[in-house]
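Shown here: start.cif, mmCIF, C-alpha atoms.
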```
data_start
loop_
_atom_site.label_atom_id
_atom_site.label_comp_id
_atom_site.auth_asym_id
_atom_site.auth_seq_id
_atom_site.Cartn_x
_atom_site.Cartn_y
_atom_site.Cartn_z
CA MET A 1 0.00 0.00 0.00
CA THR A 2 2.89 2.32 0.76
CA GLY A 3 4.15 1.87 -2.80
CA ASP A 4 0.67 2.55 -4.23
CA ARG A 5 0.30 5.71 -2.17
CA ARG A 6 3.73 6.89 -3.27
CA ARG A 7 2.86 6.30 -6.93
CA ARG A 8 -0.46 8.14 -6.55
CA ARG A 9 1.28 11.03 -4.83
CA ASN A 10 3.96 11.22 -7.53
CA ARG A 11 1.22 11.13 -10.17
CA ARG A 12 -0.64 13.98 -8.50
CA VAL A 13 2.56 16.03 -8.24
CA ALA A 14 3.36 15.39 -11.91
CA ASN A 15 -0.18 16.30 -12.97
CA THR A 16 -0.07 19.49 -10.92
CA VAL A 17 3.27 20.55 -12.40
CA GLY A 18 1.98 19.76 -15.89
CA LEU A 19 -1.16 21.81 -15.37
CA LEU A 20 0.84 24.76 -14.02
CA ALA A 21 3.22 24.62 -16.99
CA ALA A 22 0.27 24.43 -19.41
CA ALA A 23 -1.40 27.39 -17.70
CA VAL A 24 1.78 29.50 -17.95
CA MET A 25 2.16 28.69 -21.67
CA ALA A 26 -1.52 29.19 -22.45
CA PHE A 27 -1.97 32.49 -20.59
CA PRO A 28 -0.44 34.75 -23.32
CA VAL A 29 -2.77 33.18 -25.89
CA TYR A 30 -5.73 33.59 -23.55
CA TRP A 31 -4.85 37.24 -22.93
CA MET A 32 -4.43 37.90 -26.66
CA VAL A 33 -7.86 36.48 -27.52
CA LEU A 34 -9.48 38.18 -24.53
CA THR A 35 -8.03 41.57 -25.52
CA ALA A 36 -9.13 41.04 -29.13
CA PHE A 37 -12.79 40.86 -28.02
CA ARG A 38 -12.66 43.68 -25.47
CA PRO A 39 -13.90 47.24 -25.99
CA ALA A 40 -11.18 49.87 -26.12
CA SER A 41 -12.26 51.28 -22.75
CA GLN A 42 -11.57 47.93 -21.04
CA ILE A 43 -8.22 47.03 -22.59
CA LEU A 44 -6.05 49.29 -20.42
CA HIS A 45 -8.26 49.02 -17.35
CA VAL A 46 -6.44 49.31 -14.00
CA PRO A 47 -6.32 46.90 -12.28
CA PRO A 48 -6.32 44.38 -15.15
CA GLN A 49 -9.46 42.28 -15.53
CA PHE A 50 -8.47 38.66 -16.02
CA TRP A 51 -11.98 37.37 -16.64
CA PRO A 52 -14.15 37.83 -19.74
CA GLY A 53 -16.40 40.87 -19.65
CA PRO A 54 -18.21 42.87 -22.31
CA PHE A 55 -17.44 41.59 -25.82
CA THR A 56 -17.21 43.47 -29.10
CA LEU A 57 -16.26 42.63 -32.70
CA ASP A 58 -15.14 46.17 -33.52
CA ASN A 59 -11.46 45.20 -33.21
CA PHE A 60 -11.87 42.46 -35.81
CA ARG A 61 -13.83 44.74 -38.16
CA ARG A 62 -11.11 47.36 -37.90
CA ALA A 63 -8.38 44.78 -38.53
CA VAL A 64 -10.08 43.19 -41.55
CA SER A 65 -10.89 46.58 -43.12
CA SER A 66 -7.38 47.98 -42.66
CA ASP A 67 -5.26 48.80 -45.69
CA GLY A 68 -3.44 45.85 -47.19
CA PHE A 69 -4.96 43.12 -45.05
CA TRP A 70 -6.28 40.90 -47.84
CA ALA A 71 -3.21 41.49 -50.01
CA ASN A 72 -0.99 40.48 -47.10
CA VAL A 73 -3.16 37.40 -46.50
CA ARG A 74 -2.59 36.41 -50.12
CA SER A 75 1.17 36.93 -49.78
CA SER A 76 1.32 34.80 -46.63
CA VAL A 77 -0.72 32.02 -48.24
CA VAL A 78 1.43 31.97 -51.39
CA ILE A 79 4.69 32.02 -49.43
CA GLY A 80 3.52 29.41 -46.90
CA ALA A 81 2.04 27.04 -49.47
CA GLY A 82 4.97 27.42 -51.86
CA THR A 83 7.54 26.80 -49.13
CA VAL A 84 5.74 23.72 -47.81
CA LEU A 85 5.03 22.10 -51.18
CA ILE A 86 8.50 22.62 -52.67
CA SER A 87 10.30 21.60 -49.48
CA LEU A 88 8.21 18.41 -49.24
CA VAL A 89 8.86 17.39 -52.85
CA ILE A 90 12.61 18.02 -52.76
CA GLY A 91 13.03 17.03 -49.12
CA THR A 92 11.24 13.70 -49.52
CA LEU A 93 13.43 12.63 -52.43
CA ALA A 94 16.59 13.83 -50.68
CA ALA A 95 15.63 12.09 -47.41
CA PHE A 96 14.93 8.86 -49.29
CA ALA A 97 18.34 9.00 -50.92
CA VAL A 98 20.09 9.68 -47.62
CA ALA A 99 18.18 6.93 -45.80
CA ARG A 100 18.34 4.19 -48.44
CA PHE A 101 21.50 4.65 -50.52
CA ALA A 102 25.15 4.49 -49.53
CA PHE A 103 27.15 7.14 -51.38
CA ALA A 104 30.33 9.08 -50.83
CA GLY A 105 29.80 12.03 -48.50
CA ARG A 106 26.54 10.82 -46.96
CA ARG A 107 27.77 11.33 -43.39
CA ALA A 108 29.11 14.76 -44.31
CA LEU A 109 25.73 15.66 -45.83
CA VAL A 110 23.87 14.62 -42.68
CA LEU A 111 26.32 16.62 -40.57
CA ALA A 112 25.85 19.64 -42.85
CA LEU A 113 22.08 19.40 -42.43
CA LEU A 114 22.52 19.64 -38.68
CA CYS A 115 25.05 22.48 -38.87
CA VAL A 116 22.84 24.60 -41.13
CA GLN A 117 20.07 24.54 -38.53
CA THR A 118 22.42 25.96 -35.87
CA ILE A 119 23.26 29.11 -37.86
CA PRO A 120 21.42 32.17 -36.46
CA LEU A 121 18.95 33.60 -38.95
CA ILE A 122 19.92 37.18 -38.19
CA ALA A 123 23.52 36.46 -39.25
CA LEU A 124 22.40 35.67 -42.81
CA VAL A 125 20.08 38.61 -43.45
CA ILE A 126 22.63 40.84 -45.20
CA PRO A 127 24.23 38.07 -47.36
CA VAL A 128 20.80 36.81 -48.40
CA TYR A 129 19.64 40.31 -49.30
CA LEU A 130 22.76 41.02 -51.38
CA LEU A 131 22.45 37.71 -53.21
CA LEU A 132 18.78 38.21 -54.04
CA ASN A 133 19.44 41.80 -55.04
CA ASP A 134 22.02 40.60 -57.58
CA LEU A 135 19.42 38.16 -58.95
CA ALA A 136 16.69 40.85 -59.07
CA LEU A 137 14.57 38.83 -56.62
CA THR A 138 14.18 41.36 -53.82
CA ASP A 139 10.62 42.55 -53.20
CA THR A 140 9.27 39.37 -54.85
CA LEU A 141 7.39 36.46 -53.33
CA THR A 142 9.62 34.09 -55.30
CA GLY A 143 12.71 35.46 -53.57
CA VAL A 144 11.15 34.99 -50.14
CA ILE A 145 10.09 31.42 -50.96
CA LEU A 146 13.59 30.53 -52.16
CA THR A 147 15.07 32.05 -49.00
CA TYR A 148 12.68 30.12 -46.75
CA LEU A 149 13.50 26.91 -48.64
CA ALA A 150 17.15 27.33 -47.70
CA PHE A 151 16.13 27.06 -44.05
CA ALA A 152 13.17 24.67 -44.37
CA LEU A 153 14.84 22.03 -46.56
CA PRO A 154 17.56 20.92 -44.07
CA PHE A 155 14.92 20.49 -41.38
CA THR A 156 12.60 18.66 -43.78
CA VAL A 157 15.31 16.27 -44.98
CA TRP A 158 16.45 15.55 -41.43
CA MET A 159 12.93 14.90 -40.17
CA LEU A 160 11.83 12.73 -43.10
CA ARG A 161 15.04 10.73 -42.99
CA GLY A 162 14.06 9.48 -39.53
CA PHE A 163 10.63 8.48 -40.77
CA ILE A 164 12.00 6.64 -43.82
CA VAL A 165 14.59 4.78 -41.78
CA ALA A 166 11.77 3.50 -39.56
CA ILE A 167 10.07 1.90 -42.60
CA PRO A 168 11.50 -1.60 -43.21
CA PRO A 169 13.33 -1.70 -46.57
CA GLU A 170 12.08 -5.27 -47.00
CA LEU A 171 8.68 -3.85 -47.97
CA GLU A 172 10.21 -2.05 -50.93
CA GLU A 173 12.24 -5.11 -51.86
CA ALA A 174 9.08 -7.24 -51.87
CA ALA A 175 7.35 -4.75 -54.15
CA MET A 176 10.34 -4.78 -56.50
CA VAL A 177 10.26 -8.59 -56.59
CA ASP A 178 6.60 -8.34 -57.64
CA GLY A 179 7.55 -6.20 -60.61
CA CYS A 180 7.76 -2.63 -59.32
CA GLY A 181 10.75 -0.51 -60.13
CA ARG A 182 12.56 1.55 -57.50
CA LEU A 183 10.37 4.57 -58.17
CA GLY A 184 7.21 2.45 -58.24
CA ALA A 185 8.07 0.82 -54.92
CA PHE A 186 8.69 4.24 -53.42
CA ARG A 187 5.40 5.62 -54.74
CA ARG A 188 3.23 2.61 -53.86
CA VAL A 189 4.81 1.41 -50.62
CA THR A 190 7.02 4.00 -48.94
CA LEU A 191 5.04 7.15 -49.71
CA PRO A 192 1.71 5.95 -48.18
CA LEU A 193 3.53 4.78 -45.05
CA LEU A 194 5.32 8.13 -44.92
CA ALA A 195 2.05 10.11 -44.78
CA PRO A 196 2.17 10.85 -41.00
CA GLY A 197 5.74 12.08 -41.36
CA LEU A 198 4.83 14.28 -44.31
CA VAL A 199 1.96 15.83 -42.34
CA ALA A 200 4.12 16.47 -39.27
CA THR A 201 6.95 17.95 -41.31
CA SER A 202 4.62 20.13 -43.40
CA ILE A 203 3.05 21.66 -40.27
CA PHE A 204 6.45 22.59 -38.85
CA ALA A 205 7.52 24.07 -42.19
CA LEU A 206 4.25 25.99 -42.44
CA VAL A 207 4.66 27.46 -38.95
CA GLN A 208 8.20 28.55 -39.79
CA ALA A 209 7.19 30.21 -43.06
CA TRP A 210 3.93 31.71 -41.75
CA ASN A 211 5.39 33.35 -38.64
CA GLU A 212 8.79 34.48 -39.95
CA TYR A 213 9.26 38.25 -39.68
CA VAL A 214 12.88 39.40 -40.10
CA LEU A 215 13.62 38.12 -43.62
CA ALA A 216 10.19 39.09 -44.94
CA TYR A 217 10.59 42.60 -43.51
CA VAL A 218 14.01 43.02 -45.14
CA LEU A 219 13.20 41.45 -48.52
CA LEU A 220 9.70 42.85 -49.14
CA SER A 221 9.29 46.60 -49.48
CA SER A 222 5.90 46.87 -51.25
CA ASN A 223 2.98 47.09 -48.87
CA ASP A 224 0.82 44.79 -51.01
CA LYS A 225 3.47 42.03 -50.95
CA ARG A 226 4.20 41.99 -47.25
CA THR A 227 3.13 39.14 -45.00
CA LEU A 228 0.78 39.15 -42.03
CA PRO A 229 3.49 39.38 -39.32
CA ILE A 230 4.68 42.63 -40.96
CA TRP A 231 1.09 43.84 -41.33
CA LEU A 232 0.68 43.60 -37.55
CA VAL A 233 3.26 46.37 -37.10
CA SER A 234 0.86 48.81 -38.79
CA PHE A 235 -1.18 48.93 -35.56
CA GLN A 236 1.74 50.67 -33.86
CA THR A 237 2.04 54.29 -34.98
CA SER A 238 3.57 57.52 -33.71
CA PHE A 239 0.22 58.30 -32.07
CA GLY A 240 0.25 55.11 -30.01
CA THR A 241 -0.61 51.43 -30.28
CA ASP A 242 -4.04 50.14 -31.20
CA TYR A 243 -3.97 47.19 -28.81
CA GLY A 244 -7.44 45.99 -29.71
CA GLY A 245 -6.73 45.91 -33.44
CA LEU A 246 -3.28 44.44 -32.84
CA MET A 247 -4.62 41.56 -30.74
CA ALA A 248 -7.47 40.97 -33.20
CA GLY A 249 -4.95 40.89 -36.05
CA ALA A 250 -2.67 38.54 -34.11
CA THR A 251 -5.62 36.23 -33.45
CA LEU A 252 -6.55 36.19 -37.14
CA THR A 253 -2.92 35.57 -38.08
CA ALA A 254 -2.58 32.61 -35.73
CA LEU A 255 -5.97 31.09 -36.58
CA PRO A 256 -5.07 29.32 -39.88
CA VAL A 257 -2.07 27.53 -38.37
CA VAL A 258 -4.05 26.54 -35.28
CA VAL A 259 -6.89 25.15 -37.41
CA ALA A 260 -4.44 23.23 -39.61
CA PHE A 261 -2.76 21.79 -36.53
CA LEU A 262 -6.06 20.72 -34.96
CA LEU A 263 -7.16 19.01 -38.18
CA VAL A 264 -4.05 16.85 -38.41
CA GLN A 265 -2.94 16.58 -34.77
CA ARG A 266 -3.41 12.80 -34.65
CA ARG A 267 -1.27 12.30 -37.72
CA ILE A 268 1.37 14.62 -36.25
CA ALA A 269 1.50 12.59 -33.03
CA ALA A 270 1.69 9.34 -34.99
CA GLY A 271 4.36 10.73 -37.26
CA LEU A 272 6.54 12.01 -34.43
CA ALA A 273 6.24 8.68 -32.61
CA THR A 274 7.22 6.81 -35.77
CA GLY A 275 10.13 9.09 -36.53
CA ALA A 276 11.47 8.74 -33.00
CA ILE A 277 11.89 4.97 -33.32
CA ARG A 278 15.08 5.19 -35.33
CA GLY A 279 17.19 8.14 -36.38
#
```
Would you write the structure of this file as structure tokens?
Amino acid sequence: MTGDRRRRRNRRVANTVGLLAAAVMAFPVYWMVLTAFRPASQILHVPPQFWPGPFTLDNFRRAVSSDGFWANVRSSVVIGAGTVLISLVIGTLAAFAVARFAFAGRRALVLALLCVQTIPLIALVIPVYLLLNDLALTDTLTGVILTYLAFALPFTVWMLRGFIVAIPPELEEAAMVDGCGRLGAFRRVTLPLLAPGLVATSIFALVQAWNEYVLAYVLLSSNDKRTLPIWLVSFQTSFGTDYGGLMAGATLTALPVVVAFLLVQRRIAAGLATGAIRG
């Protein structure tokens, strides 16, 4: 009984710590959404009101009707979708090659993939800008997508490599014995089994491309081509900060990624569990 009581006590302590950690992480999101629905007179109320009160949709109307909102939504969608799709196509083929074939420099390539992810983004802003300027790709969505691919592809290849390694190669060999070529075995056997990994990797790539601010701010100068994170800065002017509009805009910006995550959360969990088996 002493052991059972100790286990129950440890479980209660662990649950309490987990709930406290979840509350700390969730509070900024709660405060953002709460502020987005509050009237302007209640946002800077002293002392702060931590519980829901009067609600209004004026902040959302003001955010949606602001200059450049829909153009910036289009830019974010194009950049996010382009980055995810291209990185998945190239990254899947590269990960398959790294996981299945022995070639000279494979270990060096894997090490390079890890090293690239350790380079601070801010250290590459000026070189990236100068390179794209020489190619006449500054202030273009294509230039931003290519820049994001340089950071998303190493992560995609590294993630998908773990998923592919966890798939027994004997399945592909059996398909090849039945008449499939290497590409056919990959398409009919490996790719369906890789679906959870593709979903998990695409969500992480989407979050990275959707929320990135520094490179988009430096590379895009036209207001109609800027992304939603840059659009949020428009609520801060020399006359002050429109906190209601800012929080409403931040809520709208986060909503697509949250919805996408909720729709595929089971596949993400399954994919991460599968990819953690072998690396």
Expansion of the PyMOL selection byres ((chain A and resi 229) around 8) into residues, as a list in words: Asn211, Glu212, Tyr213, Thr227, Leu228, Ile230, Trp231, Leu232, Val233 and Thr253 of chain A
Any idea what's packed within 9 Å of Ser202 of chain A, counting all atoms listed in the file, ignoring anything in its chain fewer than 3 positions away? Could you give it as a PDB file with C-alpha atoms, in the coordinates of the input?
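result.pdb written:
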```pdb
ATOM      1  CA  VAL A  84       5.740  23.720 -47.810  1.00  0.00           C
ATOM      2  CA  LEU A  85       5.030  22.100 -51.180  1.00  0.00           C
ATOM      3  CA  SER A  87      10.300  21.600 -49.480  1.00  0.00           C
ATOM      4  CA  LEU A  88       8.210  18.410 -49.240  1.00  0.00           C
ATOM      5  CA  THR A 156      12.600  18.660 -43.780  1.00  0.00           C
ATOM      6  CA  GLY A 197       5.740  12.080 -41.360  1.00  0.00           C
ATOM      7  CA  LEU A 198       4.830  14.280 -44.310  1.00  0.00           C
ATOM      8  CA  VAL A 199       1.960  15.830 -42.340  1.00  0.00           C
ATOM      9  CA  ALA A 205       7.520  24.070 -42.190  1.00  0.00           C
ATOM     10  CA  LEU A 206       4.250  25.990 -42.440  1.00  0.00           C
ATOM     11  CA  VAL A 207       4.660  27.460 -38.950  1.00  0.00           C
TER      12      VAL A 207
END
```
Where does the PyMOL selection byres ((chain A and resi 99) around 8) land in this file, that is, which residues does it pick, as a list of chain:residue names? A:Ala95, A:Phe96, A:Ala97, A:Val98, A:Arg100, A:Phe101, A:Arg161, A:Gly162, A:Ile164, A:Val165
Selected residue, from A:Val264, A:Leu141, A:Leu124, A:Ala63, that lies nearest to Ser221 of chain A when counting all atoms listed in the file: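 Closest to Ser221 of chain A, using all atoms listed in the file: A:Leu141.
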Could you list, as a short mmCIF file (atom, residue, chain, number, x, y, z; two decimals) with C-alpha atoms, in the coordinates of the input, every residue within 10 Å of Ala152 of chain A, counting only C-alpha atoms and ignoring same-chain residues fewer than 2 positions away?
```cif
data_model
loop_
_atom_site.label_atom_id
_atom_site.label_comp_id
_atom_site.auth_asym_id
_atom_site.auth_seq_id
_atom_site.Cartn_x
_atom_site.Cartn_y
_atom_site.Cartn_z
CA THR A 83 7.54 26.80 -49.13
CA VAL A 84 5.74 23.72 -47.81
CA ILE A 86 8.50 22.62 -52.67
CA SER A 87 10.30 21.60 -49.48
CA LEU A 88 8.21 18.41 -49.24
CA GLY A 91 13.03 17.03 -49.12
CA GLN A 117 20.07 24.54 -38.53
CA ILE A 145 10.09 31.42 -50.96
CA LEU A 146 13.59 30.53 -52.16
CA THR A 147 15.07 32.05 -49.00
CA TYR A 148 12.68 30.12 -46.75
CA LEU A 149 13.50 26.91 -48.64
CA ALA A 150 17.15 27.33 -47.70
CA PRO A 154 17.56 20.92 -44.07
CA PHE A 155 14.92 20.49 -41.38
CA THR A 156 12.60 18.66 -43.78
CA VAL A 157 15.31 16.27 -44.98
CA THR A 201 6.95 17.95 -41.31
CA SER A 202 4.62 20.13 -43.40
CA PHE A 204 6.45 22.59 -38.85
CA ALA A 205 7.52 24.07 -42.19
CA LEU A 206 4.25 25.99 -42.44
CA GLN A 208 8.20 28.55 -39.79
CA ALA A 209 7.19 30.21 -43.06
#
```
I'd like the residues picked by the PyMOL selection byres ((chain A and resi 127-138) around 9) written out as number ranges by chain, using the chain letters and numbers from the file. A: 123-126, 139-144, 147, 215, 218-221
